[in-house]
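Data block for target-v8.csv (CSV, C-alpha atoms):
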chain,number,residue,atom,x,y,z
A,1370,MET,CA,198.1,208.7,185.7
A,1371,VAL,CA,195.4,210.1,183.5
A,1372,ASN,CA,193.1,212.5,185.1
A,1373,PRO,CA,189.5,211.2,184.4
A,1374,TRP,CA,188.1,214.7,185.0
A,1375,PRO,CA,188.1,217.3,182.2
A,1376,ILE,CA,188.4,220.0,184.8
A,1377,GLU,CA,189.4,219.4,188.4
A,1378,TYR,CA,187.8,221.9,190.8
A,1379,VAL,CA,188.1,219.6,193.7
A,1380,THR,CA,190.2,216.5,194.5
A,1381,ILE,CA,188.1,213.5,194.8
A,1382,ASN,CA,189.5,210.9,197.2
A,1383,LYS,CA,188.9,207.2,196.7
A,1384,VAL,CA,188.8,204.7,199.5
A,1385,PRO,CA,188.1,201.0,199.2
A,1386,PHE,CA,184.5,200.2,200.4
A,1387,GLU,CA,183.4,196.8,201.5
A,1388,ARG,CA,180.5,195.5,199.5
A,1389,ASN,CA,177.9,192.9,200.3
A,1390,THR,CA,178.2,190.5,197.4
A,1391,LYS,CA,174.9,188.8,198.4
A,1392,ALA,CA,173.0,192.1,197.9
A,1393,SER,CA,171.1,193.1,194.8
A,1394,PHE,CA,171.9,196.4,193.1
A,1395,CYS,CA,171.2,198.0,189.8
A,1396,ARG,CA,173.3,199.3,187.0
A,1397,ARG,CA,172.6,202.2,184.7
A,1398,PRO,CA,174.3,204.2,182.0
A,1399,VAL,CA,175.8,207.3,183.6
A,1400,GLU,CA,173.9,209.3,181.0
A,1401,MET,CA,170.7,208.5,182.9
A,1402,VAL,CA,171.7,210.9,185.7
A,1403,ASP,CA,170.4,214.4,185.4
A,1404,THR,CA,170.2,215.5,189.1
A,1405,ILE,CA,172.3,215.9,192.1
A,1406,VAL,CA,170.4,215.4,195.4
A,1407,LEU,CA,171.9,217.0,198.5
A,1408,HIS,CA,171.7,215.3,201.8
A,1409,HIS,CA,173.1,215.7,205.3
A,1410,SER,CA,174.1,212.5,207.1
A,1411,GLU,CA,172.5,213.6,210.5
A,1412,THR,CA,175.7,212.1,212.1
A,1413,PRO,CA,178.5,214.0,213.7
A,1414,SER,CA,180.7,215.9,211.2
A,1415,SER,CA,183.6,213.7,212.1
A,1416,THR,CA,181.9,210.6,210.6
A,1417,THR,CA,183.9,209.1,207.8
A,1418,PRO,CA,182.5,207.7,204.5
A,1419,GLU,CA,183.8,204.3,205.7
A,1420,ASP,CA,181.6,204.7,208.9
A,1421,ILE,CA,178.6,205.4,206.7
A,1422,ASN,CA,179.4,202.4,204.6
A,1423,ARG,CA,179.5,200.2,207.7
A,1424,LEU,CA,176.1,201.5,208.7
A,1425,HIS,CA,174.6,201.0,205.3
A,1426,LEU,CA,175.9,197.5,205.1
A,1427,SER,CA,173.8,196.9,208.2
A,1428,ARG,CA,170.7,198.3,206.5
A,1429,GLY,CA,167.9,196.5,204.8
A,1430,THR,CA,166.6,193.0,205.6
A,1431,PRO,CA,168.3,189.6,205.5
A,1432,GLU,CA,166.4,189.0,202.3
A,1433,ASP,CA,167.2,192.4,200.8
A,1434,PRO,CA,170.4,193.9,202.2
A,1435,TRP,CA,172.1,197.0,201.0
A,1436,TYR,CA,175.0,196.6,198.6
A,1437,MET,CA,177.3,199.4,199.8
A,1438,ILE,CA,177.2,203.1,200.8
A,1439,ALA,CA,174.1,204.7,199.3
A,1440,TYR,CA,175.7,208.1,198.3
A,1441,SER,CA,177.8,208.7,195.3
A,1442,TYR,CA,179.9,211.5,196.9
A,1443,ASN,CA,180.6,212.3,200.5
A,1444,ILE,CA,181.7,215.7,201.7
A,1445,ASN,CA,183.5,216.2,205.0
A,1446,SER,CA,183.6,219.8,206.0
A,1447,PRO,CA,184.0,221.5,209.4
A,1448,TYR,CA,181.1,223.4,211.0
A,1449,SER,CA,181.4,227.2,211.4
A,1450,GLY,CA,184.1,228.0,213.9
A,1451,ALA,CA,185.5,224.5,213.9
A,1452,SER,CA,188.8,223.4,212.4
A,1453,ALA,CA,188.0,219.7,212.0
A,1454,PRO,CA,187.4,217.6,210.1
A,1455,LYS,CA,189.6,218.4,207.2
A,1456,ALA,CA,187.5,219.4,204.2
A,1457,LYS,CA,187.5,216.7,201.5
A,1458,VAL,CA,185.3,214.9,199.0
A,1459,THR,CA,185.3,211.1,198.8
A,1460,GLU,CA,183.7,209.0,196.1
A,1461,GLY,CA,181.1,206.6,197.3
A,1462,ARG,CA,178.9,204.3,195.3
A,1463,PRO,CA,180.1,204.5,191.7
A,1464,MET,CA,178.1,206.7,189.3
A,1465,ASP,CA,177.1,203.8,187.1
A,1466,LEU,CA,175.4,202.0,190.0
A,1467,VAL,CA,171.9,203.2,191.1
A,1468,GLY,CA,172.1,204.7,194.5
A,1469,ALA,CA,169.8,204.3,197.5
A,1470,HIS,CA,169.2,207.8,198.8
A,1471,ALA,CA,166.1,209.6,197.3
A,1472,GLY,CA,163.6,207.2,198.7
A,1473,SER,CA,162.4,203.9,197.2
A,1474,ASP,CA,158.9,205.4,196.7
A,1475,ALA,CA,160.0,208.5,194.8
A,1476,PHE,CA,159.4,208.4,191.1
A,1477,VAL,CA,160.2,211.1,188.5
A,1478,PRO,CA,159.3,211.7,184.8
A,1479,MET,CA,161.8,210.6,182.2
A,1480,ASP,CA,162.9,212.7,179.2
A,1481,GLU,CA,163.2,211.2,175.8
A,1482,SER,CA,166.8,210.0,176.1
A,1483,GLN,CA,166.2,208.5,179.5
A,1484,LYS,CA,163.0,206.7,178.2
A,1485,LYS,CA,165.1,205.4,175.3
A,1486,MET,CA,167.7,204.0,177.6
A,1487,TRP,CA,165.0,202.4,179.7
A,1488,ASP,CA,163.2,200.9,176.7
A,1489,GLU,CA,166.6,199.5,175.5
A,1490,GLY,CA,166.9,197.6,178.7
A,1491,LEU,CA,170.0,199.4,179.9
A,1492,ILE,CA,168.9,199.7,183.5
A,1493,THR,CA,169.3,196.2,185.0
A,1494,CYS,CA,169.4,194.7,188.4
A,1495,GLY,CA,171.0,191.6,189.9
A,1496,LYS,CA,173.7,190.3,192.2
A,1497,GLU,CA,177.5,190.1,191.6
A,1498,ASN,CA,178.4,187.2,189.3
A,1499,GLN,CA,174.8,186.7,188.4
A,1500,GLU,CA,172.8,187.7,185.3
A,1501,PHE,CA,171.4,191.2,185.4
A,1502,LYS,CA,167.8,191.7,184.3
A,1503,VAL,CA,165.4,194.6,183.8
A,1504,ASN,CA,163.3,195.1,186.9
A,1505,PRO,CA,159.8,196.4,185.9
A,1506,ASN,CA,159.3,197.7,189.5
A,1507,MET,CA,161.6,200.6,188.6
A,1508,ILE,CA,158.7,202.1,186.7
A,1509,ARG,CA,155.4,203.3,187.9
A,1510,ASP,CA,152.8,205.2,185.9
A,1511,GLY,CA,155.4,206.0,183.2
A,1512,LYS,CA,157.8,207.4,185.8
A,1513,ILE,CA,161.1,205.9,187.0
A,1514,LYS,CA,162.5,205.6,190.4
A,1515,ALA,CA,164.3,208.9,191.4
A,1516,ASN,CA,167.3,206.9,192.4
A,1517,VAL,CA,167.9,205.9,188.8
A,1518,THR,CA,168.2,209.5,187.5
A,1519,THR,CA,169.9,211.1,190.5
A,1520,ILE,CA,173.1,210.8,192.5
A,1521,GLY,CA,173.2,211.4,196.2
A,1522,VAL,CA,175.8,213.9,197.5
A,1523,VAL,CA,175.9,213.9,201.3
A,1524,VAL,CA,177.4,216.6,203.5
A,1525,ILE,CA,178.5,214.8,206.6
A,1526,GLY,CA,177.1,216.5,209.6
A,1527,ASN,CA,173.7,217.5,211.1
A,1528,TYR,CA,172.2,220.7,209.8
A,1529,ALA,CA,168.8,220.4,211.4
A,1530,PRO,CA,167.7,221.7,214.8
A,1531,PHE,CA,167.6,219.6,217.9
A,1532,SER,CA,164.2,217.9,218.4
A,1533,ARG,CA,162.6,214.8,219.7
A,1534,THR,CA,163.3,213.2,216.3
A,1535,ASN,CA,166.8,214.7,215.9
A,1536,PRO,CA,168.7,214.5,219.2
A,1537,ASN,CA,172.0,215.1,217.5
A,1538,GLY,CA,170.8,218.4,216.0
A,1539,TYR,CA,172.1,221.9,216.7
A,1540,HIS,CA,171.0,224.0,219.6
A,1541,ARG,CA,168.1,226.2,218.7
A,1542,ASN,CA,170.0,229.2,220.2
A,1543,ASN,CA,172.9,228.5,217.9
A,1544,PRO,CA,171.7,227.6,214.4
A,1545,ARG,CA,174.0,225.7,212.1
A,1546,TYR,CA,174.5,226.6,208.4
A,1547,PRO,CA,176.8,225.3,205.7
A,1548,THR,CA,179.8,227.6,205.8
A,1549,LYS,CA,180.9,229.5,202.6
A,1550,SER,CA,183.7,227.0,202.3
A,1551,THR,CA,181.2,224.1,202.4
A,1552,GLN,CA,178.9,225.8,199.9
A,1553,ASP,CA,181.9,226.3,197.6
A,1554,LEU,CA,182.9,222.7,198.0
A,1555,ILE,CA,179.4,221.6,197.0
A,1556,ALA,CA,179.5,224.0,194.0
A,1557,ARG,CA,183.0,222.8,192.9
A,1558,LEU,CA,182.0,219.2,193.1
A,1559,SER,CA,178.7,219.8,191.3
A,1560,CYS,CA,180.4,221.8,188.5
A,1561,GLN,CA,183.1,219.2,188.1
A,1562,LEU,CA,180.4,216.5,187.7
A,1563,GLN,CA,178.6,218.7,185.1
A,1564,LYS,CA,181.8,219.2,183.1
A,1565,LYS,CA,182.2,215.4,182.9
A,1566,TYR,CA,178.5,214.5,182.6
A,1567,PRO,CA,176.8,217.5,180.9
A,1568,LYS,CA,173.3,216.0,181.4
A,1569,ILE,CA,173.5,216.8,185.1
A,1570,THR,CA,171.8,220.1,185.2
A,1571,ASN,CA,169.7,220.0,188.4
A,1572,ILE,CA,170.5,220.3,192.1
A,1573,LYS,CA,167.7,219.2,194.4
A,1574,TRP,CA,167.6,218.1,198.0
A,1575,HIS,CA,166.3,215.1,199.9
A,1576,ASN,CA,163.0,216.5,201.1
A,1577,TYR,CA,162.2,217.5,197.6
A,1578,TYR,CA,161.4,213.8,197.2
A,1579,ASN,CA,160.5,212.7,200.7
A,1580,ALA,CA,159.1,214.1,203.9
A,1581,THR,CA,162.2,214.3,205.9
A,1582,SER,CA,164.2,217.0,207.7
A,1583,CYS,CA,167.2,216.2,205.5
A,1584,PRO,CA,169.2,218.2,204.4
A,1585,GLY,CA,168.3,220.7,207.1
A,1586,SER,CA,169.5,224.3,206.6
A,1587,ILE,CA,171.6,223.3,203.5
A,1588,LYS,CA,168.3,223.5,201.6
A,1589,GLU,CA,168.2,227.3,202.2
A,1590,TYR,CA,171.6,227.7,200.5
A,1591,ILE,CA,170.9,225.8,197.3
A,1592,SER,CA,170.2,228.9,195.3
A,1593,LYS,CA,173.5,230.4,196.5
A,1594,ILE,CA,175.3,227.2,195.6
A,1595,ILE,CA,173.8,227.3,192.1
A,1596,THR,CA,175.0,230.9,191.8
A,1597,GLN,CA,178.4,229.8,192.9
A,1598,THR,CA,178.6,227.1,190.3
A,1599,ARG,CA,178.3,229.8,187.6
A,1600,LYS,CA,181.7,231.2,188.8
A,1601,TYR,CA,183.1,227.8,187.6
A,1602,GLY,CA,181.3,228.0,184.3
A,1603,CYS,CA,178.4,225.8,185.1
A,1604,ASP,CA,174.7,226.1,184.8
A,1605,PHE,CA,172.3,224.4,187.1
A,1606,LYS,CA,168.6,224.7,187.7
B,1181,MET,CA,149.2,218.7,231.2
B,1182,ARG,CA,148.9,215.0,231.1
B,1183,PHE,CA,151.1,212.9,229.0
B,1184,GLN,CA,149.6,210.3,226.9
B,1185,ILE,CA,152.3,208.5,225.0
B,1186,THR,CA,151.3,205.4,223.1
B,1187,PHE,CA,153.9,203.0,222.3
B,1188,MET,CA,153.2,200.4,219.7
B,1189,ILE,CA,156.2,198.2,219.3
B,1190,PHE,CA,156.5,195.8,216.5
B,1191,PHE,CA,159.1,193.1,216.8
B,1192,VAL,CA,160.6,192.9,213.4
B,1193,SER,CA,163.8,191.0,213.7
B,1194,PHE,CA,164.2,187.4,214.8
B,1195,TYR,CA,167.9,187.8,214.8
B,1196,ALA,CA,168.2,190.0,217.9
B,1197,PHE,CA,169.9,187.8,220.4
B,1198,GLY,CA,169.6,189.1,223.9
B,1199,VAL,CA,167.5,192.1,222.8
B,1200,ASP,CA,163.8,192.1,222.7
B,1201,ASP,CA,160.9,194.5,222.2
B,1202,ARG,CA,160.6,195.0,225.9
B,1203,SER,CA,164.2,196.2,226.4
B,1204,MET,CA,164.0,198.4,223.3
B,1205,GLY,CA,160.6,199.8,224.5
B,1206,GLU,CA,162.0,200.6,227.9
B,1207,LEU,CA,164.9,202.5,226.3
B,1208,PHE,CA,162.5,204.7,224.3
B,1209,GLN,CA,160.2,205.2,227.2
B,1210,LYS,CA,163.2,206.6,229.0
B,1211,TYR,CA,164.1,208.6,225.9
B,1212,GLU,CA,160.6,210.2,225.9
B,1213,SER,CA,160.9,210.9,229.6
B,1214,VAL,CA,164.1,212.8,229.0
B,1215,MET,CA,162.7,214.7,226.0
B,1216,ASP,CA,159.2,215.4,227.2
B,1217,GLN,CA,159.4,215.5,231.0
B,1218,LYS,CA,163.0,216.8,231.1
B,1219,LYS,CA,164.1,213.9,233.3
B,1220,ILE,CA,167.7,214.7,232.6
B,1221,GLU,CA,168.9,212.4,235.3
B,1222,LEU,CA,168.2,209.6,232.8
B,1223,ILE,CA,170.6,210.9,230.2
B,1224,ASP,CA,173.4,208.4,231.0
B,1225,GLU,CA,170.9,205.6,230.7
B,1226,VAL,CA,169.6,206.7,227.4
B,1227,PHE,CA,172.6,207.9,225.4
B,1228,THR,CA,176.0,206.5,224.9
B,1229,LYS,CA,179.1,208.3,226.2
B,1230,LYS,CA,180.2,208.9,222.6
B,1231,PHE,CA,176.8,210.5,221.7
B,1232,ILE,CA,176.9,212.8,224.8
B,1233,LYS,CA,180.5,213.8,223.9
B,1234,GLU,CA,179.6,214.5,220.3
B,1235,SER,CA,176.6,216.5,221.4
B,1236,GLY,CA,179.0,219.0,223.0
B,1237,GLY,CA,179.0,217.4,226.5
B,1238,LYS,CA,176.3,216.7,229.0
B,1239,LYS,CA,175.8,220.4,229.9
B,1240,GLU,CA,175.1,221.3,226.3
B,1241,LEU,CA,172.8,218.3,225.8
B,1242,ILE,CA,170.8,219.3,228.8
B,1243,SER,CA,170.6,222.8,227.5
B,1244,LYS,CA,169.3,221.5,224.2
B,1245,ILE,CA,166.7,219.4,225.9
B,1246,LYS,CA,165.5,222.3,228.0
B,1247,SER,CA,165.3,224.4,224.9
B,1248,LEU,CA,162.6,222.2,223.4
B,1249,PRO,CA,159.4,224.1,223.0
B,1250,GLU,CA,156.4,223.0,225.0
B,1251,THR,CA,153.6,221.4,222.9
B,1252,LEU,CA,150.0,221.6,223.7
B,1253,THR,CA,149.4,217.9,223.0
B,1254,GLN,CA,152.1,215.3,223.3
B,1255,PRO,CA,152.6,213.4,220.0
B,1256,GLN,CA,151.5,209.9,219.7
B,1257,THR,CA,154.6,207.8,219.0
B,1258,THR,CA,155.0,204.6,217.2
B,1259,MET,CA,158.3,202.7,217.4
B,1260,SER,CA,159.5,199.8,215.4
B,1261,TRP,CA,163.0,198.3,215.4
B,1262,LYS,CA,165.2,195.7,213.8
B,1263,LYS,CA,168.7,194.4,214.3
B,1264,GLY,CA,171.3,195.6,211.8
B,1265,LEU,CA,172.7,193.0,209.4
B,1266,LYS,CA,176.2,193.5,210.5
B,1267,GLY,CA,177.6,193.8,214.0
B,1268,GLU,CA,175.7,194.6,217.2
B,1269,VAL,CA,173.7,197.6,216.0
B,1270,TYR,CA,170.0,198.2,216.0
B,1271,PHE,CA,167.9,200.6,214.0
B,1272,ALA,CA,164.8,201.9,215.8
B,1273,LYS,CA,162.3,204.0,213.8
B,1274,LEU,CA,160.3,206.5,215.8
B,1275,LYS,CA,157.2,208.0,214.1
B,1276,GLU,CA,155.4,210.9,215.7
B,1277,ASN,CA,151.9,211.9,214.8
B,1278,ASN,CA,151.4,215.5,216.0
B,1279,ASN,CA,148.0,216.9,216.5
B,1280,ASN,CA,148.5,220.4,217.7
B,1281,LYS,CA,145.7,222.9,217.6
B,1282,GLY,CA,143.9,220.6,215.2
B,1283,ALA,CA,146.7,220.6,212.7
B,1284,THR,CA,148.0,217.1,212.0
B,1285,SER,CA,151.5,216.3,210.9
B,1286,SER,CA,154.0,213.5,211.3
B,1287,SER,CA,157.7,213.1,211.4
B,1288,GLU,CA,160.0,210.2,211.9
B,1289,ALA,CA,163.5,209.4,212.7
B,1290,GLU,CA,165.7,206.4,212.7
B,1291,PHE,CA,167.9,205.9,215.7
B,1292,ILE,CA,171.1,204.0,215.9
B,1293,VAL,CA,171.1,201.9,219.1
B,1294,ILE,CA,174.0,199.9,220.4
B,1295,LYS,CA,174.9,198.1,223.6
B,1296,GLU,CA,177.2,199.9,226.0
B,1297,ASN,CA,178.2,197.9,229.0
B,1298,GLY,CA,175.5,195.4,228.2
B,1299,LYS,CA,172.7,198.0,228.1
B,1300,LEU,CA,170.9,199.4,225.0
B,1301,LYS,CA,171.6,203.1,224.4
B,1302,ILE,CA,171.0,205.6,221.7
B,1303,ASP,CA,174.2,206.3,219.7
B,1304,GLY,CA,172.8,208.7,217.2
B,1305,THR,CA,170.3,209.0,214.3
B,1306,ILE,CA,170.8,208.3,210.6
B,1307,SER,CA,169.2,210.0,207.6
B,1308,ASP,CA,169.1,207.9,204.5
B,1309,GLY,CA,166.3,207.4,202.1
B,1310,GLU,CA,166.8,204.0,200.4

The structure in this file should be written as structure tokens.
Amino acid sequence: MVNPWPIEYVTINKVPFERNTKASFCRRPVEMVDTIVLHHSETPSSTTPEDINRLHLSRGTPEDPWYMIAYSYNINSPYSGASAPKAKVTEGRPMDLVGAHAGSDAFVPMDESQKKMWDEGLITCGKENQEFKVNPNMIRDGKIKANVTTIGVVVIGNYAPFSRTNPNGYHRNNPRYPTKSTQDLIARLSCQLQKKYPKITNIKWHNYYNATSCPGSIKEYISKIITQTRKYGCDFK
Amino acid sequence: MRFQITFMIFFVSFYAFGVDDRSMGELFQKYESVMDQKKIELIDEVFTKKFIKESGGKKELISKIKSLPETLTQPQTTMSWKKGLKGEVYFAKLKENNNNKGATSSSEAEFIVIKENGKLKIDGTISDGE
């Protein structure tokens, strides 16, 4: 079997995900993507990508349901001091499909190449077995939906403190941070993605785009993760 | 300190057989009693067994609840909910508007609610942005 990755810093598992064939989704050239957006799932660390897919298939409205898992990559990794779950990366929504993670109201500027791809009508939306069309709602004031130029990478777990709006969070007396191993896993995955898709040069986080507690304490470690990617020969902003 | 919690419940789904805004509202009133008034005796009525286990057990969950800092003014809470499109799962959005010492902020969370032994209970929260 041919390895699709130019360099493999981490094994990426594939699992079959159920899709809602009645749902709309959007296609894009992978070259549109320039940013990795980090999330935490806010669920227990033992949650599987298939569990998340099941939840996401329940999301939306009957008129506008979700197509499949919103994230492109899912990282399972144990909390500090825990031995489970086994650390692994699982592919989620394929890279050439626009995700559903940054927030539908988040818009970002396009560079020249992204603008060209948009102008050429390469970002299209529709349903399986139906004609795909350009959706003008993807653009606002010359900016494009952040979901189009980003991919969602979720670290499965809850890295925010317990609160009224986060009852599954960690105890305030025992803060939870991504372990060095988890940071390294994020760095390896990010670098592997950059080696295959050189346009990906940014690592951001969910609440960069939206007012949310996601990704909790992971946000504090992004500069360390970026530094870690340099060890693998990558360069992120 | 007096609690003034305002619930505004919007019935979103017409597909929620056997579940209505009243039963969902009651669940979240109990939830706020647990979180704000530390009525920990209601924990089993509010959370699923799985949630309590995944929280580190009842003792740990109680400790977390008791660790919540006191606020000068209880947040005004708005709750809306809808039935999930697949299976018997409900998503309840809780939005808090905090007005503490004149500083206003808001936060929201989306709760996963399921039926356990015929009763609605909180099974967790979910963070996804669409």

How far is it from CA of Pro1505 (chain A) to CA of Arg1428 (chain A), in Å with one decimal?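 Those two atoms sit 23.4 Å apart.
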
Within 10 Å of Gly1267 (chain B) using all atoms listed in the file, minus same-chain residues under 5 positions, as a list in words: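 Counting all atoms listed in the file, the residues come to Arg1423, Leu1424, Leu1426 and Ser1427 of chain A; Ile1294 of chain B.
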
How would the residues just picked look written out with C-alpha atoms as a tab-separated table (two decimals), in the coordinates of the input?
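To be explicit, this is the file written out as out.tsv:
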chain	number	residue	atom	x	y	z
A	1423	ARG	CA	179.50	200.20	207.70
A	1424	LEU	CA	176.10	201.50	208.70
A	1426	LEU	CA	175.90	197.50	205.10
A	1427	SER	CA	173.80	196.90	208.20
B	1294	ILE	CA	174.00	199.90	220.40

Glu1497 (chain A) surroundings by all atoms listed in the file, 12 Å radius, close-in-sequence under 2 positions cut, as a list in words: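 Skipping anything fewer than 2 positions along the chain leaves Arg1388, Asn1389, Thr1390, Lys1391, Ala1392, Ser1393, Phe1394, Cys1395, Arg1396, Tyr1436, Cys1494, Gly1495, Gln1499, Glu1500 and Phe1501 of chain A.
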
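Between CA of Tyr1270 (chain B) and CA of Thr1412 (chain A) lies a distance of 15.5 Å.
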
Excluding Ile1223 (chain B) and its own-chain neighbours fewer than 6 positions away, which residues fall within 10 Å of it when counting all atoms listed in the file? Please give them as a CSV table (one decimal) with C-alpha atoms, keeping the file's coordinate frame.
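The resulting file, around-v5.csv, is reproduced below:
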chain,number,residue,atom,x,y,z
B,1210,LYS,CA,163.2,206.6,229.0
B,1211,TYR,CA,164.1,208.6,225.9
B,1213,SER,CA,160.9,210.9,229.6
B,1214,VAL,CA,164.1,212.8,229.0
B,1215,MET,CA,162.7,214.7,226.0
B,1229,LYS,CA,179.1,208.3,226.2
B,1232,ILE,CA,176.9,212.8,224.8
B,1238,LYS,CA,176.3,216.7,229.0
B,1241,LEU,CA,172.8,218.3,225.8
B,1242,ILE,CA,170.8,219.3,228.8
B,1301,LYS,CA,171.6,203.1,224.4

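Near chain A, the residues of chain B that fall inside 7 Å (using all atoms listed in the file) are Met1215, Glu1234, Ser1235, Lys1244, Leu1248, Gly1264, Leu1265, Lys1266, Glu1288, Ala1289, Gly1304, Thr1305, Ile1306, Ser1307, Asp1308, Gly1309 and Glu1310 of chain B.
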
Could you write out that same residue set with C-alpha atoms as a short mmCIF file (atom, residue, chain, number, x, y, z; two decimals), in the frame of the given file?
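To be explicit, this is the file written out as result22.cif:
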data_model
loop_
_atom_site.label_atom_id
_atom_site.label_comp_id
_atom_site.auth_asym_id
_atom_site.auth_seq_id
_atom_site.Cartn_x
_atom_site.Cartn_y
_atom_site.Cartn_z
CA MET B 1215 162.70 214.70 226.00
CA GLU B 1234 179.60 214.50 220.30
CA SER B 1235 176.60 216.50 221.40
CA LYS B 1244 169.30 221.50 224.20
CA LEU B 1248 162.60 222.20 223.40
CA GLY B 1264 171.30 195.60 211.80
CA LEU B 1265 172.70 193.00 209.40
CA LYS B 1266 176.20 193.50 210.50
CA GLU B 1288 160.00 210.20 211.90
CA ALA B 1289 163.50 209.40 212.70
CA GLY B 1304 172.80 208.70 217.20
CA THR B 1305 170.30 209.00 214.30
CA ILE B 1306 170.80 208.30 210.60
CA SER B 1307 169.20 210.00 207.60
CA ASP B 1308 169.10 207.90 204.50
CA GLY B 1309 166.30 207.40 202.10
CA GLU B 1310 166.80 204.00 200.40
#

Residues proximal to (179.6, 220.1, 184.5) were defined as those with any atom within 10 Å of that point in the file's coordinates, counting only C-alpha atoms. Which are they, as number ranges by chain? A: 1375-1376, 1557-1570, 1598, 1601-1605

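For the choices B:Lys1273, B:Lys1239, B:Arg1202, B:Lys1230, the atom-to-atom distance to Asp1303 (chain B) is smallest for B:Lys1230 when using all atoms listed in the file.
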